[in-house]
Amino acid sequence: MTDSWETLDRIESDEGRLELCRRGESEFLITIDDGTLMSTTSTSSEEGLATLGCAAMGQRQHPQVLIGGLGLGITLRTSLDCLPVSAKVTVAEINSPVVQWCHGLAAKASDHALEDPRVTVVVEDVREVIRTSRQRWDCILLDLYEGPHSQSQGLSDHCYTLKAMKHAIGALKNGGVYAIWAEGHDPPFERRFRLAGFRDVQAKHLAKGEGDHVVYLAHK
């Protein structure tokens with residue numbers, strides 16, 4: 001991080017030390033243990049996840065959308081821009097200070113998305129929200145610190161295991177969409193969609209400048 005970035009706040013989380021930084025009046029950055037986690041200077045991953053996920057859902061009169069992970073609110077902002085006024089969006093964010101950032105210090109990053117009346121925020125692990133939901137959501141977007149990778153299946157109850165994906169299919173309405181951001185293509189993970197009962201599974205590669213990042217899309 002260059003000297004031109006100002007640290008506005010820092011917290012200790014289960015994932016590591018998170019810092020909110022600002023450069024000038026409109027650039028924001030969140031780091032984790034001094035590594036860049038997300039930034040307003042590079043948002044195509046978040047925008048791609050939201051745009052592709054909402055488009056795959058199709059036209060629904062009163063869509064219910066769950067977003068796992070708030071960050072700087074870019075996925076939320078893009079989702080709101082894609083969704084009708086009748087939509088309801090729930091954001092599950094495990095770190096309450098991150099929610100406070102998006103309400104205050106970093107509200108400008110998402111154009112004050114949390115003030116939109118369609119939005120509800122719960123300070124909760126998205127895994128629990130999904131596990132305890134039954135045919136509630138038209139679309140679930142997962143935009144977490146760590147996406148699926150080759151070690152995901154070894155974790156007992158992460159978002160990307162077969163067990164967790166079966167919870168997700170139970171949480172979706174018929175025809176609902178499950179969209180997940182990932183740092184790269186992981187064929188074993190893609191196969192787990194089908195094992196869990198999802199259909200129309202796709203791995204969409206994102207724009208240049210985002211490495212090998214992909215968005216996985218699947219329908220119930």
# chains A, B, ... in the order shown; residues from 1 in each chain; ligands from 1
$ residues_around --residues "stretch 34-39 of chain A" --least-positions-apart "2" --cutoff "12 Å" --atoms "only C-alpha atoms" --output "number ranges by chain"
A: 1-2, 5, 7, 10, 15-23, 26-32, 41-46, 69-75, 106, 109-110, 143-146, 210
$ write_last_selection --atoms "N, CA and C atoms" --output "short mmCIF file (atom, residue, chain, number, x, y, z; two decimals), in the first residue's frame"
data_model
loop_
_atom_site.label_atom_id
_atom_site.label_comp_id
_atom_site.auth_asym_id
_atom_site.auth_seq_id
_atom_site.Cartn_x
_atom_site.Cartn_y
_atom_site.Cartn_z
N MET A 1 0.85 -1.19 0.00
CA MET A 1 0.00 0.00 0.00
C MET A 1 0.89 1.24 0.00
N THR A 2 0.59 2.23 -0.86
CA THR A 2 1.42 3.42 -0.95
C THR A 2 1.10 4.39 0.17
N TRP A 5 -2.35 6.31 0.66
CA TRP A 5 -3.54 5.72 1.27
C TRP A 5 -3.57 6.05 2.76
N THR A 7 -5.27 5.20 6.40
CA THR A 7 -6.02 4.18 7.13
C THR A 7 -7.10 4.85 7.97
N ARG A 10 -9.36 -0.04 11.52
CA ARG A 10 -8.87 -1.41 11.43
C ARG A 10 -9.56 -2.26 12.48
N GLU A 15 -10.89 -13.88 9.95
CA GLU A 15 -10.10 -14.07 8.73
C GLU A 15 -8.73 -13.40 8.82
N GLY A 16 -8.59 -12.42 9.72
CA GLY A 16 -7.34 -11.67 9.84
C GLY A 16 -7.61 -10.21 10.16
N ARG A 17 -6.58 -9.39 10.12
CA ARG A 17 -6.72 -7.97 10.42
C ARG A 17 -7.23 -7.23 9.18
N LEU A 18 -8.39 -6.62 9.30
CA LEU A 18 -8.99 -5.86 8.21
C LEU A 18 -8.74 -4.38 8.43
N GLU A 19 -8.37 -3.69 7.36
CA GLU A 19 -8.18 -2.24 7.41
C GLU A 19 -8.97 -1.58 6.29
N LEU A 20 -9.62 -0.49 6.64
CA LEU A 20 -10.31 0.35 5.65
C LEU A 20 -9.42 1.55 5.36
N CYS A 21 -9.12 1.75 4.09
CA CYS A 21 -8.23 2.84 3.68
C CYS A 21 -8.91 3.71 2.62
N ARG A 22 -8.45 4.96 2.54
CA ARG A 22 -8.99 5.89 1.55
C ARG A 22 -7.86 6.67 0.91
N ARG A 23 -8.03 6.96 -0.38
CA ARG A 23 -7.09 7.81 -1.11
C ARG A 23 -7.90 8.90 -1.79
N SER A 26 -12.61 9.67 -3.04
CA SER A 26 -13.53 8.69 -3.63
C SER A 26 -12.95 7.29 -3.83
N GLU A 27 -11.67 7.09 -3.53
CA GLU A 27 -11.07 5.76 -3.67
C GLU A 27 -10.99 5.09 -2.30
N PHE A 28 -11.49 3.85 -2.24
CA PHE A 28 -11.49 3.10 -0.99
C PHE A 28 -10.86 1.73 -1.21
N LEU A 29 -10.31 1.20 -0.13
CA LEU A 29 -9.59 -0.06 -0.18
C LEU A 29 -9.78 -0.79 1.15
N ILE A 30 -10.02 -2.09 1.08
CA ILE A 30 -10.01 -2.94 2.28
C ILE A 30 -8.87 -3.93 2.12
N THR A 31 -8.01 -3.99 3.14
CA THR A 31 -6.92 -4.96 3.13
C THR A 31 -7.14 -5.99 4.22
N ILE A 32 -6.54 -7.16 4.04
CA ILE A 32 -6.55 -8.20 5.05
C ILE A 32 -5.11 -8.63 5.27
N THR A 41 -10.93 0.75 -7.11
CA THR A 41 -10.20 0.93 -8.36
C THR A 41 -10.29 -0.31 -9.25
N SER A 42 -10.82 -1.41 -8.72
CA SER A 42 -10.95 -2.65 -9.49
C SER A 42 -12.20 -3.36 -9.03
N THR A 43 -13.30 -3.15 -9.74
CA THR A 43 -14.60 -3.64 -9.27
C THR A 43 -15.29 -4.59 -10.24
N SER A 44 -14.61 -4.99 -11.30
CA SER A 44 -15.30 -5.79 -12.31
C SER A 44 -15.73 -7.17 -11.80
N SER A 45 -15.01 -7.73 -10.82
CA SER A 45 -15.43 -9.01 -10.26
C SER A 45 -16.78 -8.90 -9.57
N GLU A 46 -16.91 -7.88 -8.70
CA GLU A 46 -18.17 -7.68 -7.98
C GLU A 46 -19.31 -7.34 -8.94
N GLY A 69 -21.67 -11.53 1.98
CA GLY A 69 -20.50 -10.66 1.98
C GLY A 69 -20.84 -9.26 1.53
N LEU A 70 -20.49 -8.25 2.34
CA LEU A 70 -20.80 -6.86 2.01
C LEU A 70 -19.60 -6.14 1.41
N GLY A 71 -18.43 -6.26 2.05
CA GLY A 71 -17.24 -5.58 1.56
C GLY A 71 -17.46 -4.08 1.46
N LEU A 72 -17.15 -3.50 0.33
CA LEU A 72 -17.38 -2.08 0.09
C LEU A 72 -18.75 -1.80 -0.52
N GLY A 73 -19.57 -2.84 -0.65
CA GLY A 73 -20.93 -2.68 -1.13
C GLY A 73 -21.07 -2.62 -2.63
N ILE A 74 -20.03 -3.00 -3.38
CA ILE A 74 -20.10 -2.90 -4.84
C ILE A 74 -21.05 -3.94 -5.43
N THR A 75 -20.98 -5.17 -4.91
CA THR A 75 -21.92 -6.20 -5.38
C THR A 75 -23.35 -5.79 -5.08
N ALA A 106 -17.19 4.58 4.53
CA ALA A 106 -17.06 4.15 3.13
C ALA A 106 -18.40 4.15 2.39
N ALA A 109 -18.50 4.72 -1.40
CA ALA A 109 -18.01 3.68 -2.32
C ALA A 109 -19.15 2.96 -3.03
N SER A 110 -20.27 2.79 -2.35
CA SER A 110 -21.43 2.10 -2.93
C SER A 110 -22.57 3.04 -3.25
N ASP A 143 -20.13 -13.54 -2.48
CA ASP A 143 -18.99 -12.69 -2.79
C ASP A 143 -18.13 -12.61 -1.53
N LEU A 144 -17.46 -13.71 -1.22
CA LEU A 144 -16.75 -13.84 0.05
C LEU A 144 -15.26 -13.58 -0.11
N TYR A 145 -14.56 -13.45 1.02
CA TYR A 145 -13.13 -13.18 1.00
C TYR A 145 -12.38 -14.25 0.21
N GLU A 146 -12.82 -15.48 0.38
CA GLU A 146 -12.14 -16.60 -0.28
C GLU A 146 -13.14 -17.38 -1.10
N GLU A 210 -8.77 -9.11 -14.40
CA GLU A 210 -9.20 -9.79 -13.19
C GLU A 210 -8.58 -11.18 -13.10
#
$ atom_distance --atom1 "atom CA of A:Trp181" --atom2 "atom CA of A:Gly104"
26.2 Å
$ atom_distance --atom1 "atom CA of A:Ala182" --atom2 "atom CA of A:Thr40"
18.5 Å
$ select_by_dssp --residues "stretch 16-197 of chain A" --states "helix (DSSP H, G or I)" --output "ChimeraX atom specification"
/A:44-57,74-82,96-103,107-110,113-115,126-131,152-154,162-171,187-196
$ atom_distance --atom1 "atom CA of A:Arg194" --atom2 "atom CA of A:Leu52"
19.4 Å
$ closest_atom_pairs --of "stretch 48-130 of chain A" --to "stretch 137-142 of chain A" --cutoff "6 Å" --atoms "only C-alpha atoms" --output "Markdown table"
| residue | atom | partner | partner_atom | distance |
| --- | --- | --- | --- | --- |
| A:Pro63 | CA | A:Asp138 | CA | 5.8 |
| A:Gln64 | CA | A:Trp137 | CA | 5.1 |
| A:Val65 | CA | A:Cys139 | CA | 4.9 |
| A:Leu66 | CA | A:Ile140 | CA | 4.8 |
| A:Ile67 | CA | A:Leu141 | CA | 4.8 |
| A:Gly68 | CA | A:Leu142 | CA | 4.7 |
$ closest_residue --among "A:Arg192, A:Lys166, A:Pro97, A:Thr90" --to "A:Ile11" --atoms "only C-alpha atoms"
A:Pro97
$ closest_residue --among "A:Leu217, A:His62, A:Cys159, A:Ser13" --to "A:Ala50" --atoms "only C-alpha atoms"
A:Leu217
$ closest_residue --among "A:Thr120, A:Thr51, A:Ser4, A:Gln202" --to "A:Asp81" --atoms "only C-alpha atoms"
A:Thr51
$ closest_residue --among "A:Val119, A:Leu162, A:Cys54, A:Leu172" --to "A:Phe193" --atoms "only C-alpha atoms"
A:Leu162
$ closest_residue --among "A:Arg60, A:Arg118, A:His167, A:His103" --to "A:Thr132" --atoms "only C-alpha atoms"
A:His167
$ select_by_dssp --residues "stretch 109-178 of chain A" --states "strand (DSSP E or B)" --output "list in words"
Val119, Thr120, Val121, Val122, Trp137, Asp138, Cys139, Ile140, Leu141, Leu142, Leu172, Lys173, Asn174, Gly175, Gly176, Val177 and Tyr178 of chain A
$ write_last_selection --atoms "C-alpha atoms" --output "PDB file, in the first residue's frame"
ATOM      1  CA  VAL A 119     -31.988  -3.571   1.583  1.00  0.00           C
ATOM      2  CA  THR A 120     -31.800  -5.468   4.877  1.00  0.00           C
ATOM      3  CA  VAL A 121     -28.450  -6.285   6.493  1.00  0.00           C
ATOM      4  CA  VAL A 122     -27.962  -9.140   8.955  1.00  0.00           C
ATOM      5  CA  TRP A 137     -34.504 -16.999  -2.308  1.00  0.00           C
ATOM      6  CA  ASP A 138     -34.799 -16.327  -6.021  1.00  0.00           C
ATOM      7  CA  CYS A 139     -31.060 -15.660  -6.207  1.00  0.00           C
ATOM      8  CA  ILE A 140     -28.075 -16.203  -3.912  1.00  0.00           C
ATOM      9  CA  LEU A 141     -24.858 -14.315  -4.674  1.00  0.00           C
ATOM     10  CA  LEU A 142     -21.711 -15.327  -2.802  1.00  0.00           C
ATOM     11  CA  LEU A 172     -33.636 -21.511  -3.331  1.00  0.00           C
ATOM     12  CA  LYS A 173     -37.059 -21.310  -4.896  1.00  0.00           C
ATOM     13  CA  ASN A 174     -37.693 -23.463  -7.958  1.00  0.00           C
ATOM     14  CA  GLY A 175     -35.710 -22.011 -10.839  1.00  0.00           C
ATOM     15  CA  GLY A 176     -33.628 -19.916  -8.465  1.00  0.00           C
ATOM     16  CA  VAL A 177     -30.022 -18.982  -9.232  1.00  0.00           C
ATOM     17  CA  TYR A 178     -26.864 -19.720  -7.263  1.00  0.00           C
TER      18      TYR A 178
END
$ closest_residue --among "A:Met165, A:Leu83, A:Leu8, A:Val89" --to "A:Leu195" --atoms "only C-alpha atoms"
A:Met165
